[in-house]
Structure formats: C-alpha cells, structure tokens
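Scroll down for the structure; my scribbles are underneath it.
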Amino acid sequence: MSDKLVIGIADMKVAKGEGMLVTYALGSCIGICLHDPAIKLGALVHIMLPVNMEAGRKNPMKYADTGIRETLKQMEAMGARRARITAKIAGGAKMFEVGSSSLGNIGQRNIESVHMNLKKEGIRLLKEDVGGSVARTLLFDVNSGLGCVRSYGRAELII
Amino acid sequence: MAIKNYDELSSLELDTLREIGSMGTGNAATALSQMLGREVRITLPEVRIMGYNEAIEWIGGPEEITAGVLVKMGGQINGIMLSCQQLDFVNMVLESVLHQRIDDYGQLADMENSCLIEVGNIMISTFINALSGLAGMDVTLTVPAFTVDMQGAILAVPMAEYGGQSDYIMTIGGNFVFDNQEVPCRLLMSPDLRSLNALLRKLGVSDE
C-alpha cells in the first residue's frame with residue numbers, strides 16, 4: 001500500500017480503483033467512508049462538528065451536513081451513482097467525562113447529524129463503530145470497500 | 001478592537017499572552033516542584049496559533065499515546081485547560097511520588113492515574129489562579145477529567161469545542177525542566193474568543 005492517502009481534520013480525499021485512505025485519531029470527530037463499489041470509487045471525510053451554521057464558510061468538510069453533501073457531489077462528478085453509494089462511519093467518542101457541562105456531547109451530536117444527513121441524501125449506512133470513549137484511526141480500502149478501525153488498548157476492528 | 005479570529009491578534013497582544021503563559025507556567029512549575037520535592041523550571045513559554053492539522057503535528061503526531069488531564073474554565077473566562085503528559089513526564093512524576101517507572105501507559109493503575117490527575121490539576125489550578133489574580137477576573141474550574149489515548153483525539157477536544165468560531169486553535173504553554181533535564185509538558189490554555197477579548201481588554205492591551 002504505497003498509495004496511502006492521509007486525510008486531516010476537516011479534510012476529504014477521493015481515490016479510484018486502488019488505494020488506502022486513512023485518517024488518524026478520531027475522537028469526537030467522525031470519519032465517513034463513502035463507496036461506490038461498481039466503479040471502485042471511495043471517499044473519506046473527517047468531520048468535526050454536526051451542523052454548518054456559518055454563512056460563507058470556506059471549509060465545508062469541517063461539518064457533517066456540508067461535508068457529506070460536498071463529498072457526494074464530487075463523487076458524482078467522477079461518475080458515482082447516488083443509488084450505489086454506501087457509507088461506513090467511525091468516531092463520535094466522548095474523550096473526557098466532564099461533569100454536567102455540554103462538553104463531550106459533541107461526539108453524540110456528530111453521530112446523530114451524520115445519521116440524519118446520510119438518510120436525507122439517501123445513502124445506506126452499512127456498518128459503524130461509534131460512541132464510547134476511545135480514539136480511533138480509520139483506514140479505508142477503496143478497492144474492497146472494507147474499513148479497519150485501530151484503537152489504543154482494543155483489537156483492530158473490520159467494518 | 002475585538003478580534004474575530006485568533007490570527008488577528010497583534011504583536012502586543014501576543015506578547016501579553018506570552019507573558020501570561022510565562023507567569024502561569026512559572027507558577028505551575030513552582031507548585032510542581034513543591035509537590036515532587038525536586039527542582040522544576042520552565043523553558044521559554046510559547047503562544048501558538050495553529051491550524052488543526054498543524055497543531056497535531058506540533059504536539060508530536062496524532063497516534064502517539066499520551067495522558068491528558070482536562071479542566072473546563074467558566075465564570076468570566078470560558079475555555080479549556082489541558083495538560084498533555086507524555087511518557088517522560090509521567091515517569092518523572094511517578095518516580096518522585098511513587099518511586100516507580102512505567103514502560104507503557106498500559107501499566108497505569110488507579111494509584112498512578114490519580115497521581116497524574118492530581119499533578120495535572122495542581123498545575124492547571126495554579127496557572128489559572130495566577131491569571132485570574134493578574135486580570136482581576138473570576139474563573140471557576142471543573143473537576144479534572146482524565147484519559148489515556150491518542151493525543152490527536154485529545155487535542156481535538158478544544159478544537160471541536162471552539163471549532164464553530166474559528167479554523168485555528170490558540171495554545172499557551174511551555175515545557176518543564178526537571179533537574180536540568182528537559183521534559184516536554186504541554187500545558188495548554190485555549191480560551192474561547194469572547195473570553196480572550198475580555199481578557200485582553202482587562203489587561204489594557206486591547207482598545208475598546
């Protein structure tokens with residue numbers, strides 16, 4: 001796997017045919033793998049927040065709603081068909097348990113927003129590894145459509 | 001003028017924040033020194049304004065495992081204080097207090113964890129006490145929260161908390177020197193933008 005593409009926070013990359021997409025250390029953030037198996041086109045988005053509420057933001061990939069929408073648009077421009085695209089997600093953890101404050105709910109809100117937006121866009125969610133309190137590194141093989149989740153103190157998980 | 005993004009800070013404002021960092025970490029080092037019974041000094045503190053991915057590279061890569069103590073600030077300054085304790089620092093503390101070392105974070109048990117939480121909490125509290133005294137602002141702190149995990153995900157906590165306001169994260173912090181050996185201890189303060197503006201006004205470096 002020489003052609004490993006790294007996706008940063010609030011970032012997205014697409015690969016076709018062959019390739020491994022990877023995003024490191026998802027905490028409350030969520031990595032969304034979108035895949036069109038017929039043409040072996042895959043995209044991985046690393047979103048950080050549930051809803052884009054700022055007008056004219058230059059970075060749509062930071063948010064679940066605009067991130068999913070923009071990625072689908074780019075995949076369709078590369079020949080993907082909406083009906084064939086499936087999704088796998090990982091992340092949305094709560095890294096710290098801080099009293100009663102709203103801190104830490106971001107992970108849960110991200111999960112809900114990703115679910116809602118996938119549904120709205122008509123994308124089927126095949127598998128997920130979300131919630132809990134562990135950080136996750138997500139690898140996504142564009143050829144097979146398989147995802148691999150790596151965590152500290154936990155066995156690797158194939159999604 | 002109030003800033004809308006961290007990268008709008010003037011050099012005077014940055015100098016002021018560096019001074020706060022210096023004073024805060026200096027106080028934290030003194031407290032640590034008393035607790036551990038050994039000499040602890042600080043290196044030149046840094047104020048950094050970084051993009052998310054830049055910040056994660058700066059702290060040493062996303063997947064590196066680290067112990068993190070997090071405290072939320074409330075009252076007149078809202079924000080997050082984070083103490084990221086890498087293995088060298090952890091061992092320095094454990095050797096001084098419990099006379100033991102670990103090779104891996106997996107060896108941390110309850111006793112070691114509470115020791116690290118306490119050390120993190122004391123450093124954070126002294127930092128904030130110094131800041132709140134200087135600025136004459138009341139700051140409340142939550143009970144410290146603790147985790148051992150990938151540092152990329154730990155650092156993403158303040159980023160996500162203020163991610164709706166900015167594409168940058170501001171950190172104030174420094175490294176510690178124990179008995180002439182430099183050990184990275186990332187003590188980070190990330191205020192939200194409104195609090196940062198209030199703080200700079202209180203300190204008289206930001207005009208109305």
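For the structure tokens, the naming scheme is as follows: chains receive sequential letters (A, B, ...) according to their order of presentation, residues are indexed from 1 within each chain, and ligands are indexed from 1 in presentation order.
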
- Message: Quick check: residues of chain A within 8 Å of chain B, only C-alpha atoms, returned as a list in words.
- Response: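 Per the criterion, chain A yields Gly8, Ile9, Tyr24, Ala25, Leu26, Gly27, Ser28, Cys29, Met48, Leu49, Met53, Glu54, Met95, Phe96, Glu97, Val98, Gly99, Leu103, Gly104, Ile106, Val134, Ala135, Thr137, Tyr152 and Gly153 of chain A.
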
Go ahead and dump the residues you just picked, N, CA and C atoms, as a PDB file, in the first residue's frame.
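Below you can see out.pdb, which holds the result:
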```pdb
ATOM      1  N   GLY A   8      -6.640  14.794   6.835  1.00  0.00           N
ATOM      2  CA  GLY A   8      -6.526  15.548   8.088  1.00  0.00           C
ATOM      3  C   GLY A   8      -7.897  15.872   8.654  1.00  0.00           C
ATOM      4  N   ILE A   9      -7.903  16.699   9.687  1.00  0.00           N
ATOM      5  CA  ILE A   9      -9.175  17.134  10.280  1.00  0.00           C
ATOM      6  C   ILE A   9      -9.826  18.126   9.329  1.00  0.00           C
ATOM      7  N   TYR A  24      -6.340   9.763  11.025  1.00  0.00           N
ATOM      8  CA  TYR A  24      -5.832   9.375  12.343  1.00  0.00           C
ATOM      9  C   TYR A  24      -6.596  10.001  13.500  1.00  0.00           C
ATOM     10  N   ALA A  25      -6.644   9.255  14.592  1.00  0.00           N
ATOM     11  CA  ALA A  25      -7.077   9.772  15.885  1.00  0.00           C
ATOM     12  C   ALA A  25      -8.404  10.515  15.857  1.00  0.00           C
ATOM     13  N   LEU A  26      -9.439   9.825  15.433  1.00  0.00           N
ATOM     14  CA  LEU A  26     -10.780  10.398  15.508  1.00  0.00           C
ATOM     15  C   LEU A  26     -11.212  10.338  16.964  1.00  0.00           C
ATOM     16  N   GLY A  27     -11.516  11.482  17.544  1.00  0.00           N
ATOM     17  CA  GLY A  27     -12.042  11.494  18.910  1.00  0.00           C
ATOM     18  C   GLY A  27     -13.538  11.676  18.804  1.00  0.00           C
ATOM     19  N   SER A  28     -13.993  12.907  19.064  1.00  0.00           N
ATOM     20  CA  SER A  28     -15.412  13.190  18.866  1.00  0.00           C
ATOM     21  C   SER A  28     -15.712  13.396  17.384  1.00  0.00           C
ATOM     22  N   CYS A  29     -14.669  13.578  16.589  1.00  0.00           N
ATOM     23  CA  CYS A  29     -14.828  13.712  15.143  1.00  0.00           C
ATOM     24  C   CYS A  29     -15.318  12.386  14.546  1.00  0.00           C
ATOM     25  N   MET A  48     -15.833  17.389  11.942  1.00  0.00           N
ATOM     26  CA  MET A  48     -15.538  17.734  13.317  1.00  0.00           C
ATOM     27  C   MET A  48     -16.792  18.171  14.091  1.00  0.00           C
ATOM     28  N   LEU A  49     -17.725  18.805  13.390  1.00  0.00           N
ATOM     29  CA  LEU A  49     -18.909  19.352  14.045  1.00  0.00           C
ATOM     30  C   LEU A  49     -20.171  18.967  13.282  1.00  0.00           C
ATOM     31  N   MET A  53     -23.260  26.227  10.592  1.00  0.00           N
ATOM     32  CA  MET A  53     -24.178  27.340  10.834  1.00  0.00           C
ATOM     33  C   MET A  53     -23.590  28.679  10.422  1.00  0.00           C
ATOM     34  N   GLU A  54     -22.389  28.638   9.857  1.00  0.00           N
ATOM     35  CA  GLU A  54     -21.772  29.895   9.497  1.00  0.00           C
ATOM     36  C   GLU A  54     -21.951  30.173   8.018  1.00  0.00           C
ATOM     37  N   MET A  95     -14.226  11.829  24.723  1.00  0.00           N
ATOM     38  CA  MET A  95     -12.867  11.623  25.220  1.00  0.00           C
ATOM     39  C   MET A  95     -12.742  11.896  26.719  1.00  0.00           C
ATOM     40  N   PHE A  96     -13.489  12.876  27.194  1.00  0.00           N
ATOM     41  CA  PHE A  96     -13.397  13.232  28.615  1.00  0.00           C
ATOM     42  C   PHE A  96     -14.783  13.267  29.238  1.00  0.00           C
ATOM     43  N   GLU A  97     -14.858  12.832  30.466  1.00  0.00           N
ATOM     44  CA  GLU A  97     -16.103  12.866  31.226  1.00  0.00           C
ATOM     45  C   GLU A  97     -16.051  14.118  32.086  1.00  0.00           C
ATOM     46  N   VAL A  98     -16.633  15.221  31.627  1.00  0.00           N
ATOM     47  CA  VAL A  98     -16.564  16.465  32.394  1.00  0.00           C
ATOM     48  C   VAL A  98     -17.932  16.830  32.938  1.00  0.00           C
ATOM     49  N   GLY A  99     -18.127  16.548  34.212  1.00  0.00           N
ATOM     50  CA  GLY A  99     -19.319  16.950  34.956  1.00  0.00           C
ATOM     51  C   GLY A  99     -20.580  17.031  34.129  1.00  0.00           C
ATOM     52  N   LEU A 103     -19.756  19.972  27.260  1.00  0.00           N
ATOM     53  CA  LEU A 103     -18.542  19.424  26.657  1.00  0.00           C
ATOM     54  C   LEU A 103     -18.617  17.910  26.600  1.00  0.00           C
ATOM     55  N   GLY A 104     -18.249  17.338  25.467  1.00  0.00           N
ATOM     56  CA  GLY A 104     -18.265  15.886  25.387  1.00  0.00           C
ATOM     57  C   GLY A 104     -19.479  15.371  24.659  1.00  0.00           C
ATOM     58  N   ILE A 106     -20.377  16.605  21.930  1.00  0.00           N
ATOM     59  CA  ILE A 106     -20.142  16.844  20.514  1.00  0.00           C
ATOM     60  C   ILE A 106     -20.107  15.534  19.744  1.00  0.00           C
ATOM     61  N   VAL A 134     -13.116   5.820  23.198  1.00  0.00           N
ATOM     62  CA  VAL A 134     -11.790   5.577  22.630  1.00  0.00           C
ATOM     63  C   VAL A 134     -11.575   6.363  21.346  1.00  0.00           C
ATOM     64  N   ALA A 135     -10.319   6.764  21.144  1.00  0.00           N
ATOM     65  CA  ALA A 135      -9.939   7.393  19.884  1.00  0.00           C
ATOM     66  C   ALA A 135      -9.777   6.301  18.833  1.00  0.00           C
ATOM     67  N   THR A 137      -8.380   5.293  14.757  1.00  0.00           N
ATOM     68  CA  THR A 137      -7.768   5.589  13.462  1.00  0.00           C
ATOM     69  C   THR A 137      -8.499   4.739  12.444  1.00  0.00           C
ATOM     70  N   TYR A 152      -6.466   2.378  20.733  1.00  0.00           N
ATOM     71  CA  TYR A 152      -5.487   2.064  21.773  1.00  0.00           C
ATOM     72  C   TYR A 152      -6.141   1.118  22.778  1.00  0.00           C
ATOM     73  N   GLY A 153      -5.488   0.006  23.067  1.00  0.00           N
ATOM     74  CA  GLY A 153      -5.995  -0.934  24.067  1.00  0.00           C
ATOM     75  C   GLY A 153      -7.218  -1.711  23.619  1.00  0.00           C
TER      76      GLY A 153
END
```

Spatial neighbours of region 73-79 of chain A, max dist 12 Å, only C-alpha atoms, sep filter under 3 positions, as a list of chain:residue names
A:Met12, A:Lys13, A:Val14, A:Ala15, A:Lys16, A:Cys33, A:Leu34, A:His35, A:Asp36, A:Pro37, A:Ala38, A:Ile39, A:Lys40, A:Leu41, A:Gly42, A:Ala43, A:Leu44, A:Val45, A:Thr66, A:Gly67, A:Ile68, A:Arg69, A:Glu70, A:Arg82, A:Ala83, A:Arg84, A:Ile85, A:Thr86, A:Glu121

Two-atom distance - CA of Ser33 (chain B), CA of Phe178 (chain B) (Å):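 Interatomic distance here is 8.7 Å.
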
| region 80-204 of chain B: residues DSSP assigns to strand (DSSP E), reported as a PyMOL selection string | chain B and resi 80-85+139-141+145-150+168-173+176-178+181-183+185-191

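By only C-alpha atoms, and with residues fewer than 5 positions from region 117-130 of chain B along its chain excluded, the set lying at most 7 Å from it is Gly24, Thr25, Asn27, Ala28, Ala31, Leu32, Val69, Met81, Ser83, Pro144 and Phe146 of chain B.
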
Produce a file of the selected residues containing N, CA and C atoms, as a compact mmCIF listing (two decimals), in the first residue's frame.
```txt
# COMPACT_ATOMS: atom_id res chain seq x y z
N GLY B 24 1.94 31.94 34.22
CA GLY B 24 1.12 30.77 34.57
C GLY B 24 1.94 29.51 34.71
N THR B 25 2.80 29.24 33.70
CA THR B 25 3.60 28.01 33.77
C THR B 25 4.65 28.13 34.87
N ASN B 27 4.27 29.62 37.76
CA ASN B 27 3.57 29.25 38.99
C ASN B 27 3.32 27.75 39.07
N ALA B 28 2.95 27.19 37.93
CA ALA B 28 2.69 25.75 37.88
C ALA B 28 3.96 24.97 38.21
N ALA B 31 4.63 25.05 41.95
CA ALA B 31 3.73 24.13 42.65
C ALA B 31 4.18 22.69 42.47
N LEU B 32 4.59 22.38 41.26
CA LEU B 32 5.03 21.03 40.94
C LEU B 32 6.31 20.70 41.71
N VAL B 69 -5.04 15.50 31.06
CA VAL B 69 -5.91 15.98 32.13
C VAL B 69 -6.59 17.23 31.61
N MET B 81 -8.47 24.07 29.73
CA MET B 81 -7.06 23.88 30.08
C MET B 81 -6.76 22.40 29.94
N SER B 83 -3.61 19.43 30.17
CA SER B 83 -2.23 19.04 30.45
C SER B 83 -1.99 17.72 29.74
N PRO B 144 -11.17 17.83 37.45
CA PRO B 144 -10.40 17.37 36.29
C PRO B 144 -10.90 16.05 35.71
N PHE B 146 -9.85 12.82 33.02
CA PHE B 146 -8.59 12.17 32.67
C PHE B 146 -8.81 11.10 31.61
```

**Prompt:** When DSSP works through the backbone of this structure, what residues of chain A end up as alpha helix (DSSP H), shown as a PyMOL selection string?
**Reply:** chain A and resi 64-77+106-120

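Nearest to Glu18 (chain A) of all the residues A:Ala90, A:Val142, A:Leu118, A:Ile47 is A:Val142, counting only C-alpha atoms.
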